[in-house]
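Text of protein-v8.cif, listed as mmCIF, C-alpha atoms:
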data_coords
#
loop_
_atom_site.label_atom_id
_atom_site.label_comp_id
_atom_site.auth_asym_id
_atom_site.auth_seq_id
_atom_site.Cartn_x
_atom_site.Cartn_y
_atom_site.Cartn_z
CA MET A 1 8.06 207.00 229.78
CA TRP A 2 7.92 206.55 233.36
CA SER A 3 7.37 203.00 234.49
CA GLY A 4 6.96 203.68 238.23
CA GLN A 5 10.50 203.02 239.33
CA PRO A 6 13.00 205.90 239.11
CA HIS A 7 16.25 205.29 237.51
CA PRO A 8 19.32 206.74 239.37
CA ASP A 9 21.26 209.29 237.57
CA LYS A 10 24.89 209.07 237.31
CA GLY A 11 26.71 211.14 239.99
CA HIS A 12 23.78 211.31 242.33
CA PRO A 13 23.10 209.17 245.36
CA SER A 14 20.46 206.50 245.07
CA PRO A 15 17.17 207.46 246.51
CA LEU A 16 15.37 205.70 249.19
CA GLU A 17 13.50 202.63 248.08
CA ALA A 18 9.80 202.85 248.46
CA VAL A 19 7.79 199.95 249.74
CA PRO A 20 4.90 199.13 247.43
CA VAL A 21 1.61 199.56 249.12
CA PRO A 22 -1.63 198.26 247.54
CA TRP A 23 -4.16 200.98 246.70
CA LYS A 24 -7.44 201.31 245.11
CA SER A 25 -8.26 203.87 242.71
CA THR A 26 -10.97 206.26 243.56
CA VAL A 27 -12.61 205.69 240.30
CA SER A 28 -12.93 202.01 240.91
CA CYS A 29 -14.40 202.65 244.31
CA LYS A 30 -16.84 205.05 242.87
CA ASN A 31 -17.83 202.61 240.20
CA HIS A 32 -18.23 199.90 242.71
CA ARG A 33 -20.52 202.01 244.75
CA GLU A 34 -22.58 202.98 241.74
CA SER A 35 -22.86 199.41 240.63
CA SER A 36 -24.00 198.38 244.02
CA VAL A 37 -26.58 201.11 244.02
CA GLY A 38 -27.62 200.14 240.49
CA GLU A 39 -28.00 196.53 241.43
CA GLU A 40 -30.18 197.48 244.29
CA THR A 41 -32.23 199.77 242.10
CA GLN A 42 -32.43 197.19 239.39
CA GLY A 43 -33.55 194.65 241.83
CA GLU A 44 -36.37 196.90 242.84
CA GLU A 45 -37.51 198.04 239.29
CA GLY A 46 -37.16 194.68 237.42
CA PRO A 47 -40.78 193.33 237.70
CA ALA A 48 -42.32 196.66 236.70
CA ALA A 49 -40.14 196.91 233.61
CA THR A 50 -40.96 193.38 232.57
CA HIS A 51 -44.68 194.03 232.98
CA LEU A 52 -44.34 197.18 230.87
CA ASP A 53 -42.52 195.32 228.12
CA VAL A 54 -45.21 192.64 228.03
CA SER A 55 -47.90 195.27 227.82
CA ARG A 56 -46.08 196.95 224.99
CA LEU A 57 -45.68 193.67 223.16
CA ARG A 58 -49.33 192.86 223.65
CA SER A 59 -50.44 196.25 222.36
CA SER A 60 -48.10 195.95 219.41
CA SER A 61 -49.37 192.46 218.59
CA MET A 62 -52.97 193.68 218.86
CA GLU A 63 -52.24 196.53 216.50
CA ILE A 64 -50.53 194.18 214.06
CA ARG A 65 -53.40 191.74 214.34
CA GLU A 66 -55.97 194.44 213.75
CA LYS A 67 -54.05 195.83 210.80
CA GLY A 68 -53.60 192.33 209.40
CA SER A 69 -57.29 191.62 209.89
CA GLU A 70 -58.25 194.83 208.10
CA PHE A 71 -55.84 194.05 205.28
CA LEU A 72 -57.20 190.53 204.95
CA LYS A 73 -60.75 191.87 204.98
CA GLU A 74 -59.88 194.30 202.22
CA GLU A 75 -58.23 191.58 200.20
CA LEU A 76 -61.20 189.31 200.79
CA HIS A 77 -63.58 192.06 199.70
CA LYS A 78 -61.50 192.65 196.57
CA ALA A 79 -61.41 188.94 195.86
CA GLN A 80 -65.18 188.71 196.31
CA LYS A 81 -65.70 191.62 193.91
CA GLU A 82 -63.40 190.04 191.35
CA LEU A 83 -65.16 186.70 191.78
CA LYS A 84 -68.55 188.37 191.31
CA LEU A 85 -67.34 190.11 188.17
CA LYS A 86 -65.97 186.83 186.86
CA ASP A 87 -69.29 185.11 187.62
CA GLU A 88 -71.14 187.81 185.74
CA GLU A 89 -68.71 187.51 182.84
CA CYS A 90 -69.13 183.73 182.83
CA GLU A 91 -72.90 184.09 182.87
CA ARG A 92 -72.77 186.58 179.99
CA LEU A 93 -70.47 184.31 178.01
CA SER A 94 -72.78 181.37 178.70
CA LYS A 95 -75.73 183.34 177.35
CA VAL A 96 -73.71 184.32 174.30
CA ARG A 97 -72.74 180.70 173.73
CA GLU A 98 -76.35 179.53 174.06
CA GLN A 99 -77.50 182.22 171.62
CA LEU A 100 -74.79 181.25 169.15
CA GLU A 101 -75.77 177.59 169.47
CA ARG A 102 -79.42 178.44 168.81
CA GLU A 103 -78.51 180.60 165.82
CA LEU A 104 -76.25 177.84 164.51
CA GLU A 105 -79.03 175.28 164.83
CA GLU A 106 -81.51 177.59 163.11
CA LEU A 107 -79.01 178.35 160.36
CA THR A 108 -78.27 174.67 159.87
CA ALA A 109 -81.98 173.83 159.72
CA SER A 110 -82.65 176.66 157.27
CA LEU A 111 -79.72 175.58 155.10
CA PHE A 112 -80.95 171.99 155.00
CA GLU A 113 -84.48 173.17 154.23
CA GLU A 114 -83.21 175.46 151.48
CA ALA A 115 -81.07 172.65 150.07
CA HIS A 116 -84.05 170.26 150.05
CA LYS A 117 -86.17 172.97 148.45
CA MET A 118 -83.57 173.59 145.75
CA VAL A 119 -83.26 169.87 145.05
CA ARG A 120 -87.05 169.52 144.90
CA GLU A 121 -87.36 172.51 142.55
CA ALA A 122 -84.53 171.18 140.39
CA ASN A 123 -86.27 167.81 140.13
CA MET A 124 -89.56 169.49 139.25
CA LYS A 125 -87.87 171.67 136.63
CA GLN A 126 -86.09 168.65 135.20
CA ALA A 127 -89.35 166.73 134.98
CA ALA A 128 -91.09 169.71 133.40
CA SER A 129 -88.23 170.17 130.94
CA GLU A 130 -88.33 166.51 129.99
CA LYS A 131 -92.08 166.72 129.51
CA GLN A 132 -91.75 169.87 127.41
CA LEU A 133 -89.00 168.23 125.36
CA LYS A 134 -91.21 165.22 124.75
CA GLU A 135 -94.14 167.44 123.79
CA ALA A 136 -91.91 169.57 121.56
CA ARG A 137 -90.62 166.51 119.75
CA GLY A 138 -94.18 165.30 119.28
CA LYS A 139 -95.23 168.71 117.97
CA ILE A 140 -92.25 168.80 115.63
CA ASP A 141 -93.17 165.41 114.22
CA MET A 142 -96.79 166.52 113.87
CA LEU A 143 -95.81 169.81 112.22
CA GLN A 144 -93.52 168.03 109.81
CA ALA A 145 -96.35 165.72 108.86
CA GLU A 146 -98.70 168.69 108.49
CA VAL A 147 -96.19 170.60 106.34
CA THR A 148 -95.78 167.58 104.11
CA ALA A 149 -99.53 167.23 103.80
CA LEU A 150 -99.90 170.97 103.19
CA LYS A 151 -97.30 170.92 100.44
CA THR A 152 -99.16 168.09 98.80
CA LEU A 153 -102.44 169.95 99.24
CA VAL A 154 -101.16 173.28 97.94
CA ILE A 155 -99.22 171.84 95.03
CA THR A 156 -101.67 169.25 93.80
CA SER A 157 -105.03 170.67 94.90
CA THR A 158 -106.59 174.07 94.29
CA PRO A 159 -110.22 175.12 93.99
CA ALA A 160 -109.74 175.48 90.25
CA SER A 161 -108.13 172.07 89.81
CA PRO A 162 -108.62 169.96 92.91
CA ASN A 163 -106.76 166.72 93.46
CA ARG A 164 -109.45 164.11 93.10
CA GLU A 165 -107.39 161.46 94.89
CA LEU A 166 -107.23 163.68 97.98
CA HIS A 167 -110.94 164.52 97.64
CA PRO A 168 -112.85 161.33 96.72
CA GLN A 169 -116.14 163.20 96.78
CA LEU A 170 -115.08 164.92 93.54
CA LEU A 171 -114.64 161.67 91.60
CA SER A 172 -116.89 160.96 88.65
CA PRO A 173 -120.16 159.08 89.37
CA ALA A 174 -118.81 155.99 87.63
CA LYS A 175 -115.88 155.80 90.09
CA ALA A 176 -117.39 157.26 93.20
CA GLY A 177 -120.83 155.61 92.95
CA PRO A 178 -124.19 157.32 93.28
CA ARG A 179 -124.17 160.59 95.27
CA LYS A 180 -126.97 162.55 96.79
CA GLY A 181 -127.34 166.24 96.12
CA HIS A 182 -127.89 168.72 93.36
CA LEU A 183 -125.54 168.92 90.35
CA ARG A 184 -125.50 172.06 88.21
CA HIS A 185 -125.08 171.62 84.46
CA LYS A 186 -121.68 172.78 83.26
CA SER A 187 -123.10 174.61 80.27
CA THR A 188 -124.27 177.42 82.51
CA SER A 189 -120.73 178.32 83.56
CA SER A 190 -119.89 180.13 80.32
CA SER A 191 -122.68 182.66 80.76
CA LEU A 192 -121.71 183.72 84.29
CA CYS A 193 -120.12 187.12 84.92
CA PRO A 194 -117.36 188.08 87.32
CA ALA A 195 -118.47 189.59 90.60
CA VAL A 196 -117.08 192.82 92.02
CA CYS A 197 -116.13 192.91 95.73
CA PRO A 198 -116.44 196.50 97.00
CA ALA A 199 -114.62 195.81 100.23
CA ALA A 200 -111.62 194.26 98.52
CA GLY A 201 -111.53 196.74 95.68
CA HIS A 202 -110.91 194.17 92.92
CA ILE A 203 -112.84 191.77 90.73
CA LEU A 204 -113.26 188.12 91.75
CA ALA A 205 -113.66 185.63 88.95
CA GLN A 206 -116.60 183.28 89.31
CA ASP A 207 -116.00 179.56 89.44
CA LYS A 208 -116.87 177.47 86.41
CA GLU A 209 -119.52 175.66 88.46
CA GLY A 210 -121.46 178.86 88.92
CA LYS A 211 -120.29 179.89 92.41
CA GLU A 212 -120.52 183.52 93.40
CA VAL A 213 -118.66 185.34 96.15
CA ASP A 214 -120.63 186.82 99.00
CA THR A 215 -119.17 190.30 99.35
CA THR A 216 -119.92 190.50 103.08
CA LEU A 217 -118.18 187.21 103.77
CA PHE A 218 -115.24 188.17 101.59
CA ALA A 219 -114.89 191.52 103.35
CA GLU A 220 -114.83 189.79 106.75
CA PHE A 221 -112.29 187.32 105.39
CA GLN A 222 -110.10 190.14 104.06
CA ALA A 223 -110.17 191.89 107.46
CA TRP A 224 -109.24 188.65 109.20
CA ARG A 225 -106.55 187.92 106.59
CA GLU A 226 -104.64 191.09 107.49
CA SER A 227 -103.93 189.66 110.96
CA PRO A 228 -104.76 185.92 111.04
CA THR A 229 -105.70 184.68 114.48
CA LEU A 230 -107.72 181.91 116.08
CA ASP A 231 -109.56 184.38 118.30
CA LYS A 232 -113.29 183.75 118.07
CA THR A 233 -114.09 187.42 118.60
CA SER A 234 -113.15 188.35 115.02
CA PRO A 235 -116.27 188.77 112.80
CA PHE A 236 -115.04 186.18 110.29
CA LEU A 237 -114.38 183.36 112.77
CA GLU A 238 -117.40 184.33 114.87
CA ARG A 239 -119.62 183.75 111.82
CA VAL A 240 -117.91 180.44 111.00
CA TYR A 241 -118.33 179.26 114.61
CA ARG A 242 -121.96 180.30 114.71
CA GLU A 243 -122.97 178.91 111.32
CA ASP A 244 -120.74 175.85 110.86
CA VAL A 245 -118.45 174.75 113.71
CA SER A 246 -120.91 174.83 116.62
CA PRO A 247 -123.76 173.08 114.73
CA CYS A 248 -121.37 170.47 113.33
CA LEU A 249 -120.05 169.56 116.80
CA ASP A 250 -123.42 169.71 118.51
CA PHE A 251 -123.98 166.05 119.47
CA THR A 252 -126.51 164.43 121.75
CA MET A 253 -123.98 163.94 124.53
CA GLN A 254 -123.45 167.60 125.39
CA GLU A 255 -120.65 167.14 127.94
CA LEU A 256 -118.54 165.00 125.64
CA SER A 257 -119.34 167.37 122.75
CA ALA A 258 -117.82 170.27 124.71
CA LEU A 259 -114.68 168.23 125.41
CA VAL A 260 -114.37 167.28 121.74
CA ARG A 261 -114.78 170.90 120.67
CA ALA A 262 -112.07 172.05 123.09
CA ALA A 263 -109.71 169.30 121.90
CA VAL A 264 -110.31 170.26 118.24
CA GLU A 265 -109.58 173.91 118.99
CA ASP A 266 -106.40 172.97 120.89
CA ASN A 267 -105.36 170.53 118.15
CA THR A 268 -105.08 167.68 120.68
CA LEU A 269 -107.75 165.30 119.37
CA THR A 270 -106.68 161.94 117.92
CA ILE A 271 -108.81 159.68 115.71
CA GLU A 272 -107.71 156.05 115.62
CA PRO A 273 -109.10 153.28 113.43
CA VAL A 274 -110.26 150.11 115.10
CA ALA A 275 -108.96 146.98 113.40
CA SER A 276 -111.81 144.96 111.92
CA GLN A 277 -110.47 141.65 113.11
CA THR A 278 -110.47 142.88 116.71
CA LEU A 279 -113.96 144.40 116.67
CA PRO A 280 -115.74 141.51 118.43
CA THR A 281 -113.21 141.15 121.27
CA VAL A 282 -111.30 144.41 121.57
CA LYS A 283 -109.28 144.68 124.80
CA VAL A 284 -107.08 147.62 125.73
CA ALA A 285 -105.54 148.78 128.95
CA ALA A 286 -107.04 152.27 128.68
CA VAL A 287 -110.54 153.23 129.75
CA GLU A 288 -113.03 152.88 126.88
CA TYR A 289 -116.46 154.47 126.58
CA GLY A 290 -119.26 153.15 124.44
CA SER A 291 -118.74 150.06 122.37
CA THR A 292 -118.09 149.07 118.79
CA ASN A 293 -121.85 148.99 118.29
CA THR A 294 -122.77 152.29 120.07
CA CYS A 295 -121.55 155.79 119.27
CA ALA A 296 -120.32 157.64 122.36
CA LEU A 297 -121.34 161.04 120.88
CA SER A 298 -124.77 160.37 119.40
CA GLY A 299 -125.74 157.44 121.59
CA LEU A 300 -127.12 155.61 118.54
CA SER A 301 -126.52 151.99 117.72
CA ARG A 302 -124.05 152.14 114.89
CA THR A 303 -121.03 150.14 113.80
CA CYS A 304 -118.05 152.11 115.12
CA ARG A 305 -114.87 151.64 113.15
CA HIS A 306 -113.01 154.56 114.78
CA ARG A 307 -112.38 155.90 118.25
CA ILE A 308 -111.14 159.25 119.53
CA ARG A 309 -108.74 160.22 122.29
CA LEU A 310 -108.73 163.70 123.89
CA GLY A 311 -105.31 165.20 124.65
CA ASP A 312 -102.98 163.07 126.77
CA SER A 313 -105.86 161.12 128.27
CA GLU A 314 -105.80 157.36 127.93
CA SER A 315 -109.59 157.23 127.60
CA HIS A 316 -111.05 156.26 124.24
CA TYR A 317 -114.51 156.96 122.81
CA TYR A 318 -115.96 154.93 119.97
CA ILE A 319 -117.65 157.00 117.28
CA SER A 320 -119.84 156.23 114.29
CA PRO A 321 -118.90 157.11 110.68
CA SER A 322 -121.29 160.09 110.73
CA SER A 323 -119.75 161.51 113.92
CA ARG A 324 -116.28 160.90 112.51
CA ALA A 325 -117.19 162.80 109.31
CA ARG A 326 -118.44 165.78 111.32
CA ILE A 327 -115.32 165.88 113.51
CA THR A 328 -113.03 165.42 110.48
CA ALA A 329 -114.70 168.28 108.61
CA VAL A 330 -114.13 170.67 111.52
CA CYS A 331 -110.53 169.45 111.97
CA ASN A 332 -109.83 170.04 108.26
CA PHE A 333 -111.13 173.60 108.59
CA PHE A 334 -108.97 174.36 111.62
CA THR A 335 -105.90 172.77 109.99
CA TYR A 336 -106.27 175.02 106.94
CA ILE A 337 -106.81 178.07 109.17
CA ARG A 338 -103.57 177.26 111.01
CA TYR A 339 -101.73 176.97 107.69
CA ILE A 340 -102.92 180.46 106.78
CA GLN A 341 -101.87 181.78 110.19
CA GLN A 342 -98.38 180.28 109.73
CA GLY A 343 -98.04 181.93 106.31
CA LEU A 344 -97.95 178.71 104.31
CA VAL A 345 -100.81 179.82 102.03
CA ARG A 346 -100.65 183.27 100.44
CA GLN A 347 -103.12 183.74 97.57
CA ASP A 348 -106.31 185.29 98.87
CA GLU A 349 -108.83 184.15 96.24
CA PRO A 350 -107.94 180.42 96.23
CA MET A 351 -107.68 180.65 100.00
CA PHE A 352 -111.19 182.06 100.31
CA TRP A 353 -112.66 179.38 98.03
CA GLU A 354 -110.89 176.62 99.95
CA ILE A 355 -112.34 177.96 103.20
CA THR A 356 -115.75 178.08 101.57
CA ARG A 357 -115.37 174.47 100.45
CA LEU A 358 -114.38 173.40 103.95
CA ARG A 359 -117.44 175.19 105.34
CA LYS A 360 -119.54 173.34 102.82
CA GLU A 361 -118.10 170.03 104.02
CA MET A 362 -119.02 170.95 107.60
CA SER A 363 -122.56 171.80 106.53
CA LEU A 364 -122.95 168.55 104.58
CA ALA A 365 -121.54 166.51 107.44
CA LYS A 366 -123.97 168.20 109.83
CA LEU A 367 -126.84 167.26 107.48
CA GLY A 368 -125.68 163.63 107.46
CA PHE A 369 -123.79 163.46 104.15
CA PHE A 370 -120.45 161.69 104.37
CA PRO A 371 -118.40 159.45 102.06
CA GLN A 372 -119.05 155.73 102.43
CA GLU A 373 -116.18 153.69 103.75
CA ALA A 374 -115.00 150.69 101.81
#

Rewrite the coordinates I just gave you, this time as structure tokens.
Amino acid sequence: MWSGQPHPDKGHPSPLEAVPVPWKSTVSCKNHRESSVGEETQGEEGPAATHLDVSRLRSSSMEIREKGSEFLKEELHKAQKELKLKDEECERLSKVREQLERELEELTASLFEEAHKMVREANMKQAASEKQLKEARGKIDMLQAEVTALKTLVITSTPASPNRELHPQLLSPAKAGPRKGHLRHKSTSSSLCPAVCPAAGHILAQDKEGKEVDTTLFAEFQAWRESPTLDKTSPFLERVYREDVSPCLDFTMQELSALVRAAVEDNTLTIEPVASQTLPTVKVAAVEYGSTNTCALSGLSRTCRHRIRLGDSESHYYISPSSRARITAVCNFFTYIRYIQQGLVRQDEPMFWEITRLRKEMSLAKLGFFPQEA
């Protein structure tokens, strides 16, 4: 490569030496001129370009600011919408919570009320059950006593051969003392004939004392006997009520008489003896009506050795021997009727005569005849 200085060749003469002369390239001159012109031009256009750049920057910043403002407004609007939706959701949830709280309070109150009601009903049922148990035990004891008495009555006493210890009125005059009434001579019994009952369809033997069966009464008894009941609408009991029971329990004190009649029909009347040693100064906690010298039923001045109690009442009423005999006669009739209803007595003819005898006792008691007390 050529370095600017020629190398002499061998065999040739050396060339003339050239003196180096400084030179400027044309390109460098041209560039220098252009740069000078550019500097002059740049010096003239510099403020305008700077002003243009500032304007551009300002317009760009305004655009960015406007876009940012719009974006922020949109975000704010979205946030407001979301906040409004959340407020509505919170309000709805608050209403739901309040409703649930109200329902819970109502449910709690109703549960407590139902629990108190159940406890109250359970206590009432327990009290009623205890009362029924007590009454049932009392009825059992009473029925056992009645069955024992009935067995004694049925076994040892019949119309044909009555037990004279159970019926003191049938004792001989020497033992029972003088008695009022009419006595038929026994010699007439052998000439009596048996009576025929058309309704029953068989012959009833007459009693040795000359008793004769009323066919109408026996027919009513037979109809009642097919289905024994204490209903007063049956012809048999309706006749007994009309002819015997009502007159026997018709006392002067009408209101108390009605209560006594109801208690006898319900089998809730109690007759208690009054001890003789306590007659002058008797003191009890229960309410007492009348006195030992005045009968509460008849209102007459009589010595009262017994008193009655109606049902579960603690009130007592003093009664005279005559009133006691009338009440006892009716009670004996109803007791025997209940025995028949329970199936403890089965033979119709002795049953009919026993009912007739009990009706006779009611009639005599109504007329004032009663056994004297010792």

Find the residues around Ser246 in chain A up to 12 Å (all atoms listed in the file counted), leave out those fewer than 4 positions away in its own chain, and share them as a VMD selection string. chain A and resid 232 237 to 242 250 to 251 254 257 to 258 260 to 262 264 to 265 326 to 327 330 359 362 to 363 366

Quick check on the file I pasted: which residues fall under the PyMOL selection byres ((chain A and resi 308-319) around 12)? Write them as number ranges by chain. A: 131, 135, 138, 251, 253, 256-274, 279, 282-307, 320-328

Point (-107.2, 180.3, 100.1) neighbourhood (12 Å, all atoms listed in the file) written as a PyMOL selection string: chain A and resi 153-154+157-160+218+221-222+225+333+336-341+343-358

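Rounded to one decimal, CA of Glu113 in chain A and CA of Gln126 in chain A lie 19.6 Å from each other.
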
For CA of Glu212 in chain A and CA of Cys248 in chain A, quote the distance in Å rounded to one decimal. 23.8 Å
